[in-house]
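S.K.: Below is the file final.cif, which contains mmCIF, C-alpha atoms and all ligand atoms.
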data_entry
#
loop_
_atom_site.label_atom_id
_atom_site.label_comp_id
_atom_site.auth_asym_id
_atom_site.auth_seq_id
_atom_site.Cartn_x
_atom_site.Cartn_y
_atom_site.Cartn_z
CA MET U 25 0.00 0.00 0.00
CA HIS U 26 1.50 3.31 -1.12
CA LEU U 27 -1.18 5.99 -1.05
CA ALA U 28 0.98 8.83 -2.34
CA ARG U 29 0.17 7.30 -5.75
CA PHE U 30 -3.25 8.95 -5.33
CA GLY U 31 -3.98 12.66 -5.39
CA ARG U 32 -4.71 14.25 -2.03
CA VAL U 33 -5.42 17.80 -0.88
CA SER U 34 -4.83 18.95 2.68
CA LEU U 35 -8.06 19.73 4.54
CA GLY U 36 -7.51 18.52 8.10
CA HIS U 37 -5.17 18.15 11.07
CA PHE U 38 -3.37 14.82 10.97
CA PRO U 39 -2.45 12.58 12.65
CA THR U 40 -5.44 12.78 14.97
CA PRO U 41 -4.63 11.92 18.61
CA LEU U 42 -4.82 8.38 20.01
CA GLU U 43 -5.60 8.68 23.72
CA LYS U 44 -6.26 6.36 26.64
CA MET U 45 -9.67 6.72 28.32
CA GLU U 46 -8.60 5.94 31.88
CA ASN U 47 -11.86 6.90 33.58
CA LEU U 48 -14.13 5.02 31.19
CA THR U 49 -11.84 1.97 31.38
CA LYS U 50 -12.15 1.97 35.18
CA THR U 51 -15.90 2.55 35.21
CA LEU U 52 -16.72 -0.19 32.69
CA GLY U 53 -14.29 -2.69 34.24
CA GLY U 54 -13.64 -4.58 30.99
CA PRO U 55 -10.98 -4.02 28.33
CA GLN U 56 -8.44 -1.19 28.26
CA ILE U 57 -10.15 1.50 26.18
CA TRP U 58 -8.50 3.99 23.85
CA ILE U 59 -10.00 6.62 21.62
CA LYS U 60 -8.86 7.70 18.15
CA ARG U 61 -9.92 11.33 17.86
CA ASP U 62 -11.21 11.68 14.32
CA ASP U 63 -13.66 14.20 15.75
CA CYS U 64 -10.55 16.43 15.83
CA THR U 65 -9.80 16.53 12.09
CA GLY U 66 -10.41 20.26 12.33
CA LEU U 67 -12.52 20.93 9.23
CA ALA U 68 -15.48 23.09 10.40
CA THR U 69 -15.69 21.14 13.71
CA GLY U 70 -14.22 18.01 12.15
CA GLY U 71 -15.26 14.41 11.68
CA ASN U 72 -14.56 11.34 9.61
CA LYS U 73 -15.62 12.79 6.25
CA THR U 74 -12.52 15.03 6.21
CA ARG U 75 -10.23 12.08 5.46
CA LYS U 76 -12.39 10.95 2.54
CA LEU U 77 -12.70 14.47 1.17
CA GLU U 78 -8.92 14.90 0.99
CA PHE U 79 -8.83 12.20 -1.70
CA LEU U 80 -12.20 13.03 -3.31
CA LEU U 81 -11.42 16.71 -3.78
CA ALA U 82 -8.04 15.96 -5.33
CA ASP U 83 -9.96 13.88 -7.87
CA ALA U 84 -12.47 16.71 -8.36
CA ILE U 85 -9.68 19.20 -9.03
CA ALA U 86 -7.90 16.79 -11.37
CA LYS U 87 -11.16 16.56 -13.35
CA GLY U 88 -11.44 20.34 -13.60
CA ALA U 89 -14.47 20.75 -11.31
CA ASP U 90 -15.52 24.13 -9.92
CA THR U 91 -18.61 22.90 -8.05
CA LEU U 92 -19.31 20.09 -5.60
CA VAL U 93 -22.65 18.30 -5.43
CA THR U 94 -23.48 15.87 -2.67
CA GLN U 95 -26.33 14.52 -0.54
CA GLY U 96 -27.07 13.41 2.99
CA ALA U 97 -29.69 13.38 5.73
CA THR U 98 -30.85 16.72 7.19
CA GLN U 99 -28.23 16.67 9.97
CA SER U 100 -25.51 15.36 7.67
CA ASN U 101 -21.97 15.79 8.96
CA HIS U 102 -20.78 14.83 5.50
CA VAL U 103 -22.61 17.72 3.83
CA ARG U 104 -21.22 20.16 6.43
CA GLN U 105 -17.62 19.01 5.90
CA THR U 106 -18.04 18.98 2.10
CA ALA U 107 -19.41 22.53 2.22
CA ALA U 108 -16.41 23.62 4.32
CA ALA U 109 -13.95 21.91 1.97
CA ALA U 110 -15.60 23.72 -0.96
CA ARG U 111 -15.09 27.10 0.76
CA LYS U 112 -11.44 26.32 1.43
CA LEU U 113 -10.79 25.35 -2.20
CA GLY U 114 -12.84 28.19 -3.68
CA MET U 115 -15.61 25.97 -5.02
CA GLN U 116 -19.38 26.15 -4.80
CA CYS U 117 -21.28 23.42 -2.93
CA PHE U 118 -24.80 22.18 -3.68
CA ALA U 119 -26.41 19.59 -1.42
CA LEU U 120 -29.64 17.63 -1.22
CA LEU U 121 -30.87 16.95 2.31
CA GLU U 122 -33.11 13.92 2.82
CA ARG U 123 -35.85 14.34 5.44
CA ARG U 124 -35.19 11.02 7.22
CA VAL U 125 -35.97 12.48 10.65
CA THR U 126 -39.10 14.60 11.09
CA ASN U 127 -40.06 14.06 14.74
CA GLN U 128 -37.30 15.87 16.65
CA GLY U 129 -38.78 19.33 17.04
CA ASP U 130 -39.11 22.61 15.16
CA GLN U 131 -35.42 23.50 15.12
CA TYR U 132 -34.19 20.30 13.51
CA GLU U 133 -33.98 21.76 10.00
CA GLN U 134 -32.33 25.01 11.12
CA THR U 135 -29.83 24.23 13.85
CA GLY U 136 -26.74 22.05 14.26
CA ASN U 137 -25.22 21.00 10.97
CA VAL U 138 -27.86 22.90 8.96
CA LEU U 139 -26.87 26.16 10.65
CA PHE U 140 -23.27 25.45 9.69
CA ASP U 141 -24.34 24.62 6.11
CA ASP U 142 -25.93 28.09 6.01
CA MET U 143 -22.80 29.75 7.32
CA LEU U 144 -20.70 27.88 4.74
CA ARG U 145 -23.01 29.17 1.96
CA CYS U 146 -23.98 25.69 0.94
CA GLU U 147 -26.94 25.73 -1.50
CA TYR U 148 -29.20 22.99 -0.13
CA GLU U 149 -32.64 21.70 -1.00
CA PHE U 150 -34.72 19.23 0.99
CA ARG U 151 -36.06 15.97 -0.39
CA PRO U 152 -38.66 13.62 1.11
CA GLU U 153 -37.41 10.34 2.57
CA GLY U 154 -37.04 7.27 0.38
CA LEU U 155 -35.84 8.59 -2.98
CA ASP U 156 -32.69 7.28 -4.64
CA MET U 157 -30.64 10.18 -3.28
CA ASN U 158 -27.51 9.46 -5.31
CA ALA U 159 -29.65 9.49 -8.47
CA GLU U 160 -31.20 12.80 -7.33
CA GLY U 161 -27.71 14.19 -6.79
CA GLU U 162 -26.50 13.06 -10.22
CA ALA U 163 -29.58 14.70 -11.78
CA LEU U 164 -28.80 17.97 -9.99
CA ALA U 165 -25.19 17.78 -11.19
CA GLU U 166 -26.46 17.31 -14.75
CA LYS U 167 -28.66 20.40 -14.40
CA LEU U 168 -25.72 22.45 -13.14
CA ARG U 169 -23.59 21.19 -16.04
CA ASP U 170 -26.26 22.45 -18.47
CA LYS U 171 -25.93 25.87 -16.81
CA GLY U 172 -22.21 25.93 -17.59
CA LEU U 173 -20.82 24.86 -14.21
CA LYS U 174 -18.32 22.02 -13.80
CA PRO U 175 -19.86 19.88 -11.09
CA TYR U 176 -18.26 16.90 -9.34
CA PHE U 177 -20.70 14.54 -7.65
CA ILE U 178 -19.74 13.01 -4.30
CA PRO U 179 -22.01 10.13 -3.23
CA GLY U 180 -23.64 10.07 0.23
CA GLY U 181 -21.05 9.91 3.00
CA GLY U 182 -18.25 10.22 0.43
CA SER U 183 -18.40 6.43 0.33
CA ASN U 184 -16.84 5.22 -2.88
CA THR U 185 -13.39 3.71 -3.42
CA ILE U 186 -11.67 7.11 -3.64
CA GLY U 187 -13.24 8.29 -0.38
CA ALA U 188 -12.44 5.00 1.32
CA LEU U 189 -8.73 5.63 0.62
CA GLY U 190 -8.97 8.15 3.46
CA TYR U 191 -9.67 5.32 5.89
CA ALA U 192 -7.11 2.96 4.37
CA ASN U 193 -4.70 5.78 5.20
CA ALA U 194 -6.21 6.11 8.69
CA ALA U 195 -5.51 2.40 9.25
CA ALA U 196 -1.84 3.02 8.49
CA GLU U 197 -1.81 6.10 10.73
CA LEU U 198 -3.35 4.16 13.62
CA VAL U 199 -1.01 1.17 13.31
CA TYR U 200 1.99 3.51 13.22
CA GLN U 201 0.79 5.34 16.35
CA ALA U 202 0.14 2.09 18.18
CA ASP U 203 3.53 0.66 17.19
CA SER U 204 5.24 3.87 18.31
CA CYS U 205 3.87 3.54 21.84
CA GLY U 206 3.98 -0.26 22.15
CA LEU U 207 0.21 -0.68 22.08
CA LYS U 208 -1.12 -3.96 20.69
CA ILE U 209 -4.64 -3.20 19.46
CA ASP U 210 -7.10 -6.10 19.51
CA LYS U 211 -10.26 -4.40 18.33
CA LEU U 212 -11.34 -1.18 16.67
CA VAL U 213 -14.98 -0.17 17.22
CA HIS U 214 -16.93 2.55 15.39
CA ALA U 215 -20.30 3.61 14.04
CA THR U 216 -20.91 2.44 10.47
CA GLY U 217 -23.37 3.98 8.01
CA SER U 218 -22.62 4.54 4.34
CA ALA U 219 -19.78 2.01 4.78
CA GLY U 220 -16.77 3.99 3.51
CA THR U 221 -15.11 4.32 6.89
CA GLN U 222 -15.28 0.63 7.74
CA ALA U 223 -14.46 -0.46 4.18
CA GLY U 224 -11.37 1.75 4.10
CA LEU U 225 -10.21 0.52 7.51
CA VAL U 226 -10.73 -3.12 6.60
CA ALA U 227 -8.95 -2.69 3.25
CA GLY U 228 -6.09 -0.76 4.84
CA LEU U 229 -5.56 -3.22 7.70
CA HIS U 230 -5.74 -6.11 5.21
CA ALA U 231 -3.10 -4.43 3.04
CA LEU U 232 -0.89 -3.94 6.12
CA ASN U 233 -1.53 -7.50 7.27
CA ALA U 234 -2.42 -6.02 10.68
CA PRO U 235 -4.61 -8.40 12.71
CA ILE U 236 -6.99 -5.88 14.26
CA ASP U 237 -10.71 -6.74 14.28
CA VAL U 238 -12.86 -3.90 12.97
CA VAL U 239 -16.25 -3.92 14.68
CA GLY U 240 -18.93 -1.82 12.98
CA ILE U 241 -21.97 -0.67 14.94
CA SER U 242 -24.68 -0.07 12.36
CA VAL U 243 -26.73 3.12 12.62
CA ARG U 244 -29.25 2.19 9.92
CA ALA U 245 -29.04 -1.06 7.95
CA ASN U 246 -29.54 -4.57 9.28
CA LYS U 247 -26.46 -6.69 9.94
CA GLU U 248 -26.41 -8.71 6.70
CA THR U 249 -26.99 -5.66 4.49
CA GLN U 250 -24.30 -3.67 6.30
CA ILE U 251 -21.75 -6.48 6.06
CA THR U 252 -22.52 -6.88 2.35
CA ASN U 253 -22.17 -3.13 1.68
CA VAL U 254 -18.91 -2.85 3.63
CA HIS U 255 -17.44 -6.01 2.11
CA LYS U 256 -18.24 -4.95 -1.45
CA LEU U 257 -16.65 -1.51 -1.01
CA ALA U 258 -13.68 -2.96 0.91
CA CYS U 259 -12.95 -5.38 -1.97
CA ALA U 260 -13.17 -2.59 -4.55
CA THR U 261 -10.96 -0.33 -2.43
CA SER U 262 -8.45 -3.13 -1.91
CA GLU U 263 -8.28 -3.55 -5.69
CA LEU U 264 -7.80 0.20 -6.20
CA ILE U 265 -4.93 0.15 -3.68
CA GLY U 266 -3.39 -2.72 -5.62
CA VAL U 267 -3.57 -5.48 -3.00
CA LYS U 268 -3.28 -8.90 -4.60
CA THR U 269 -4.88 -11.16 -1.99
CA ASP U 270 -8.65 -11.60 -1.64
CA LEU U 271 -10.42 -9.83 1.17
CA SER U 272 -12.62 -12.37 2.96
CA ARG U 273 -16.16 -11.49 4.06
CA ASP U 274 -15.18 -12.85 7.49
CA LEU U 275 -13.07 -9.72 7.99
CA VAL U 276 -16.24 -7.62 8.15
CA GLN U 277 -18.13 -7.55 11.44
CA ALA U 278 -21.27 -5.55 12.13
CA TYR U 279 -23.89 -5.38 14.87
CA ASP U 280 -27.38 -3.98 14.28
CA GLU U 281 -28.77 -4.18 17.84
CA TYR U 282 -28.08 -0.50 18.53
CA VAL U 283 -29.99 1.13 15.65
CA GLY U 284 -33.17 1.39 17.75
CA PRO U 285 -36.32 2.62 15.95
CA GLY U 286 -34.32 3.86 12.97
CA TYR U 287 -31.68 6.18 11.53
CA GLY U 288 -31.39 9.36 13.59
CA GLN U 289 -33.98 8.13 16.08
CA PRO U 290 -32.83 8.33 19.71
CA THR U 291 -32.35 5.30 21.94
CA ASP U 292 -31.92 5.25 25.73
CA GLU U 293 -28.56 3.49 25.30
CA MET U 294 -27.35 6.29 22.98
CA VAL U 295 -28.40 9.02 25.43
CA ASP U 296 -26.71 7.17 28.31
CA ALA U 297 -23.52 6.60 26.31
CA ILE U 298 -23.26 10.28 25.36
CA ALA U 299 -23.88 11.35 28.96
CA MET U 300 -21.26 8.87 30.17
CA LEU U 301 -18.52 10.07 27.78
CA ALA U 302 -19.18 13.69 28.69
CA ALA U 303 -19.13 12.91 32.42
CA GLU U 304 -16.16 10.50 32.45
CA GLU U 305 -13.88 11.93 29.77
CA GLY U 306 -15.16 15.40 28.86
CA ILE U 307 -15.72 14.24 25.28
CA PHE U 308 -18.84 14.94 23.18
CA LEU U 309 -20.23 12.20 20.98
CA ASP U 310 -23.21 12.67 18.62
CA PRO U 311 -26.78 11.34 18.65
CA VAL U 312 -26.90 9.82 15.14
CA TYR U 313 -23.57 7.98 14.85
CA SER U 314 -20.89 7.99 17.53
CA GLY U 315 -23.41 7.89 20.41
CA LYS U 316 -24.88 4.68 19.01
CA GLY U 317 -21.36 3.42 18.25
CA MET U 318 -20.39 3.96 21.88
CA ALA U 319 -23.66 2.38 23.07
CA GLY U 320 -22.64 -0.62 20.97
CA MET U 321 -19.17 -0.75 22.48
CA ILE U 322 -20.59 -0.58 26.01
CA GLY U 323 -23.13 -3.29 25.14
CA LEU U 324 -20.42 -5.58 23.75
CA ILE U 325 -18.35 -5.09 26.92
CA LYS U 326 -21.35 -6.04 29.06
CA GLN U 327 -21.93 -9.13 26.90
CA GLY U 328 -18.28 -10.14 27.25
CA VAL U 329 -17.58 -9.86 23.50
CA LEU U 330 -14.99 -7.20 24.36
CA LYS U 331 -13.04 -8.59 27.29
CA ALA U 332 -10.71 -7.65 30.12
CA GLY U 333 -7.13 -8.03 28.93
CA GLU U 334 -7.94 -6.73 25.45
CA ASN U 335 -6.99 -3.34 24.07
CA VAL U 336 -9.97 -1.75 22.35
CA VAL U 337 -9.85 1.47 20.35
CA PHE U 338 -13.05 3.44 19.82
CA LEU U 339 -12.88 5.50 16.64
CA HIS U 340 -14.62 8.80 17.36
CA THR U 341 -16.01 9.75 13.97
CA GLY U 342 -17.24 13.21 15.05
CA GLY U 343 -20.70 14.72 14.67
CA SER U 344 -21.11 16.72 17.89
CA ALA U 345 -22.61 19.62 15.87
CA GLY U 346 -25.69 17.40 15.65
CA LEU U 347 -26.20 17.57 19.42
CA PHE U 348 -27.91 20.95 19.00
CA ALA U 349 -30.62 19.36 16.86
CA TYR U 350 -31.35 16.93 19.74
CA GLN U 351 -31.03 19.47 22.55
CA HIS U 352 -34.19 18.23 24.29
CA LEU U 353 -32.48 14.91 25.07
CA PHE U 354 -29.56 16.47 26.91
CA SER U 355 -30.68 19.75 28.47
CA ARG U 356 -30.79 19.60 32.29
CA GLN U 357 -33.24 22.49 32.50
CA LYS U 358 -36.68 21.12 33.24
CA ALA U 359 -39.83 22.86 32.11
CA ALA U 360 -41.36 24.67 35.11
C1 LIG M 1 -20.79 9.57 8.32
C2 LIG M 1 -20.53 9.32 9.77
C3 LIG M 1 -20.28 8.02 10.25
C4 LIG M 1 -20.35 6.80 9.40
O1 LIG M 1 -19.33 6.70 8.46
P1 LIG M 1 -19.61 5.93 7.10
O2 LIG M 1 -18.35 6.02 6.36
O3 LIG M 1 -20.76 6.66 6.45
O4 LIG M 1 -20.00 4.54 7.43
C5 LIG M 1 -19.99 7.86 11.59
N1 LIG M 1 -19.97 8.92 12.42
C6 LIG M 1 -20.22 10.17 12.00
C7 LIG M 1 -20.22 11.26 13.01
C8 LIG M 1 -20.52 10.42 10.66
O5 LIG M 1 -20.78 11.66 10.26
#
Any chance you could give the structure as structure tokens?
Ligand SMILES: *Cc1c(COP(=O)(O)O)cnc(C)c1O
M.R.:
Amino acid sequence: MHLARFGRVSLGHFPTPLEKMENLTKTLGGPQIWIKRDDCTGLATGGNKTRKLEFLLADAIAKGADTLVTQGATQSNHVRQTAAAARKLGMQCFALLERRVTNQGDQYEQTGNVLFDDMLRCEYEFRPEGLDMNAEGEALAEKLRDKGLKPYFIPGGGSNTIGALGYANAAAELVYQADSCGLKIDKLVHATGSAGTQAGLVAGLHALNAPIDVVGISVRANKETQITNVHKLACATSELIGVKTDLSRDLVQAYDEYVGPGYGQPTDEMVDAIAMLAAEEGIFLDPVYSGKGMAGMIGLIKQGVLKAGENVVFLHTGGSAGLFAYQHLFSRQKAA
């Protein structure tokens, strides 16, 4: 694996820190727990999409684009980071926001990530839930092309092989950090959605021949669907990187017990996990992704899947801007 063969622009602060969570480790009484701070990538409050965008935007520039088009849910962290990347590189950004969540109060479509989209001058339009959003995005790009712009379409979550290179690179970064401090990592746990993060990690670790289990906590799809999506993208990414050996489906693990009622819908375990990280470590997770990812990690510790004696790294994928859209779950002020 030699990723300098691929174009990359600089958008974030790397390497992100790898830190021990001493308090959480003590409180949970299971494995030694570490956190990889990809919430600290720096791009307009950061998050995991920054790594993907470094490779995607290099491709956009190579193709002569002046405009980015992408899509996501209303509180998309991906859209926010794409909009910020566009500002930095002097491009326009158009986004389609899918109304997947409509029951979280009046402010949901104005605050959090949407407020930041406004501030970043992202041109967004809402769409009802259930359309083929990538097809909608491609159609918008076509319309902009007819108007004389040079659009580059980025699929939801930045999850294609080029975007996944960002997480193949993150795998190398993590292994180097762990090796530098003598840490033997057994398992890497994170929230998995559009699959690019997990696919890139699995492909990167496979290329490095690094025996670290990647454990995806699904935020939307059922287990079989998520494993299939991740495996397919991991294989394609592995091929793009130039790895010769097959990437077995057994390398992809996912749990779907922490989705709750649906994407972006709160669960008690998510609220508890977010409260626990804030109280124990002073770290903010998010309600849609990393809060459910952490709920999954805590659940797997309680079930004994993650055990005492193991070293577990939680990948913090960011998203805390979304907390403001779910303020009612976390505010300690009670109505009089
Ligand atoms: C997008 C996102 C994820 C999921 O990453 P995928 O590559 O889409 O699977 C996890 N956490 C946060 C905060 C995200 O914004």
S.K.: If you count all atoms listed in the file, which residues fall within 12 Å of Asp142 of chain U, apart from same-chain ones fewer than 2 positions away, as a ChimeraX atom specification?
M.R.: /U:103-104,107-108,117-119,133-140,144-149
S.K.: How close does chain U get to ligand LIG 1 (chain M)? List, as a tab-separated table, each residue of chain U within 8 Å, its nearest atom pair and the distance in Å to one decimal, counting all atoms listed in the file.
M.R.:
residue	atom	partner	partner_atom	distance
U:Asp63	CA	M:LIG1	C7	7.7
U:Gly71	CA	M:LIG1	C7	6.0
U:Asn72	CA	M:LIG1	C8	6.1
U:Lys73	CA	M:LIG1	C1	6.4
U:Ser100	CA	M:LIG1	O5	6.5
U:Asn101	CA	M:LIG1	O5	4.5
U:His102	CA	M:LIG1	O5	5.7
U:Gly180	CA	M:LIG1	O3	7.7
U:Gly181	CA	M:LIG1	O3	4.7
U:Gly182	CA	M:LIG1	O2	7.3
U:Ser183	CA	M:LIG1	O2	6.0
U:Ala188	CA	M:LIG1	O2	7.8
U:His214	CA	M:LIG1	C5	7.2
U:Ala215	CA	M:LIG1	C5	4.9
U:Thr216	CA	M:LIG1	O4	3.8
U:Gly217	CA	M:LIG1	O4	3.5
U:Ser218	CA	M:LIG1	O3	3.5
U:Ala219	CA	M:LIG1	O4	3.7
U:Gly220	CA	M:LIG1	O2	3.8
U:Thr221	CA	M:LIG1	O2	3.7
U:Gln222	CA	M:LIG1	O4	6.1
U:Ala223	CA	M:LIG1	O2	7.9
U:Asp310	CA	M:LIG1	C7	6.5
U:Val312	CA	M:LIG1	C7	7.2
U:Tyr313	CA	M:LIG1	N1	4.4
U:Ser314	CA	M:LIG1	N1	5.3
U:His340	CA	M:LIG1	N1	7.3
U:Thr341	CA	M:LIG1	N1	4.3
U:Gly342	CA	M:LIG1	C7	4.1
U:Gly343	CA	M:LIG1	C7	3.9
U:Ser344	CA	M:LIG1	C7	7.4
S.K.: Of the residues U:Glu334, U:Asp62, U:Glu46, U:Asp170, which is the one nearest to Tyr191 of chain U, using only C-alpha atoms?
M.R.: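 Smallest distance to Tyr191 of chain U is found for U:Asp62.
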S.K.: Of the candidates U:Leu52, U:Val295, U:Leu173, U:Leu353, which shows the shortest atom-to-atom distance to Lys316 of chain U, using all atoms listed in the file?
M.R.: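 That would be U:Val295, the residue with the smallest distance to Lys316 of chain U.
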S.K.: I'd like to know which of U:Asn246, U:Gly240, U:Leu164, U:Gly224 is closest to Leu271 of chain U, using all atoms listed in the file.
M.R.: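 So, comparing all the options, the nearest one is U:Gly224.
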S.K.: As a list in words, please: the residues near Tyr350 of chain U (cut-off 8 Å, all atoms listed in the file, same-chain neighbours under 4 positions excluded).
M.R.: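 Listed by chain and then number, they are Gln128, Tyr132, Pro311, Gly346 and Phe354 of chain U.
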S.K.: Just write the chosen residues, C-alpha atoms, as an mmCIF file, in the frame of the given file.
M.R.:
data_model
loop_
_atom_site.group_PDB
_atom_site.id
_atom_site.type_symbol
_atom_site.label_atom_id
_atom_site.label_comp_id
_atom_site.auth_asym_id
_atom_site.auth_seq_id
_atom_site.Cartn_x
_atom_site.Cartn_y
_atom_site.Cartn_z
ATOM 1 C CA GLN U 128 -37.300 15.870 16.650
ATOM 2 C CA TYR U 132 -34.190 20.300 13.510
ATOM 3 C CA PRO U 311 -26.780 11.340 18.650
ATOM 4 C CA GLY U 346 -25.690 17.400 15.650
ATOM 5 C CA PHE U 354 -29.560 16.470 26.910
#
S.K.: Work out how far atom CA of Lys256 of chain U is from atom CA of Asp203 of chain U, in Å to one decimal.
M.R.: 29.2 Å
S.K.: Find, counting all atoms listed in the file, the residue in U:Asn127, U:Gln116, U:Thr40, U:Gln201 that gets nearest to Leu339 of chain U.
M.R.: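 Closest candidate: U:Thr40.
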S.K.: Step by step, gather every atom of segment 45-60 of chain U that the file lists, find the box along x, y and z that holds them, add 5 Å on each side, and finally give centre and edge lengths in Å to one decimal, as JSON.
M.R.:
{"center_x": -12.6, "center_y": 1.6, "center_z": 26.7, "size_x": 18.3, "size_y": 22.3, "size_z": 27.1}
S.K.: Nearest to Leu275 of chain U among U:Gln105, U:Pro290, U:Arg244, U:Ile236, with distances taken over all atoms listed in the file: which residue is it?
M.R.: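 Of all the options, U:Ile236 lies closest to Leu275 of chain U.
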S.K.: If I take atom CA of Lys171 of chain U and atom CA of Met143 of chain U, how far is one from the other in Å, to one decimal?
M.R.: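 Spanning atom CA of Lys171 of chain U to atom CA of Met143 of chain U is a straight-line distance of 24.6 Å.
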S.K.: Up to 9 Å from (-1.1, -4.9, 7.2) in the file's coordinates: name the residues, counting only C-alpha atoms, as a ChimeraX atom specification.
M.R.: /U:25,195-196,199,228-235
S.K.: Determine the nearest neighbour of Pro152 of chain U from the options U:Cys64, U:Val125, U:Val336, U:Leu309, counting all atoms listed in the file.
M.R.: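 Looking at the shortest contact to Pro152 of chain U, the residue is U:Val125.
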S.K.: Determine, counting only C-alpha atoms, which protein, DNA and RNA residues have an atom within 8 Å of an atom of Met115 of chain U; residues of the same chain fewer than 5 positions away are not included. Present the result as a VMD selection string.
M.R.: chain U and resid 90 to 92 110
S.K.: What's the separation between atom CA of Pro39 of chain U and atom CA of Leu257 of chain U, in Å to one decimal place?
M.R.: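 One can read the atom CA of Pro39 of chain U to atom CA of Leu257 of chain U distance as 24.2 Å.
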S.K.: Residues near Gly53 of chain U, anyone? I mean within 9 Å using all atoms listed in the file, not counting same-chain ones fewer than 3 positions away, as a ChimeraX atom specification.
M.R.: /U:48-50,56,325,332
S.K.: Env of Cys205 of chain U: 12 Å cut, atoms = only C-alpha atoms, seq-sep filter 4 positions within chain, self excluded. Answer as a list in words.
M.R.: Leu42, Glu43, Lys44, Leu198, Val199, Tyr200, Gln201 and Ile209 of chain U
S.K.: Which segment 111-193 of chain U residues have any atom within 10 Å of an atom of segment 76-83 of chain U, and for each, what is the nearest pair of atoms with distance in Å to one decimal, counting only C-alpha atoms, rows sorted by chain and number, as CSV?
M.R.:
residue,atom,partner,partner_atom,distance
U:Leu113,CA,U:Leu81,CA,8.8
U:Tyr176,CA,U:Leu81,CA,8.8
U:Phe177,CA,U:Leu80,CA,9.7
U:Ile178,CA,U:Leu80,CA,7.6
U:Gly181,CA,U:Lys76,CA,8.7
U:Gly182,CA,U:Lys76,CA,6.3
U:Ser183,CA,U:Lys76,CA,7.8
U:Asn184,CA,U:Lys76,CA,9.1
U:Thr185,CA,U:Leu80,CA,9.4
U:Ile186,CA,U:Leu80,CA,6.0
U:Gly187,CA,U:Lys76,CA,4.0
U:Ala188,CA,U:Lys76,CA,6.1
U:Leu189,CA,U:Lys76,CA,6.7
U:Gly190,CA,U:Lys76,CA,4.5
U:Tyr191,CA,U:Lys76,CA,7.1
U:Ala192,CA,U:Lys76,CA,9.8
U:Asn193,CA,U:Lys76,CA,9.6
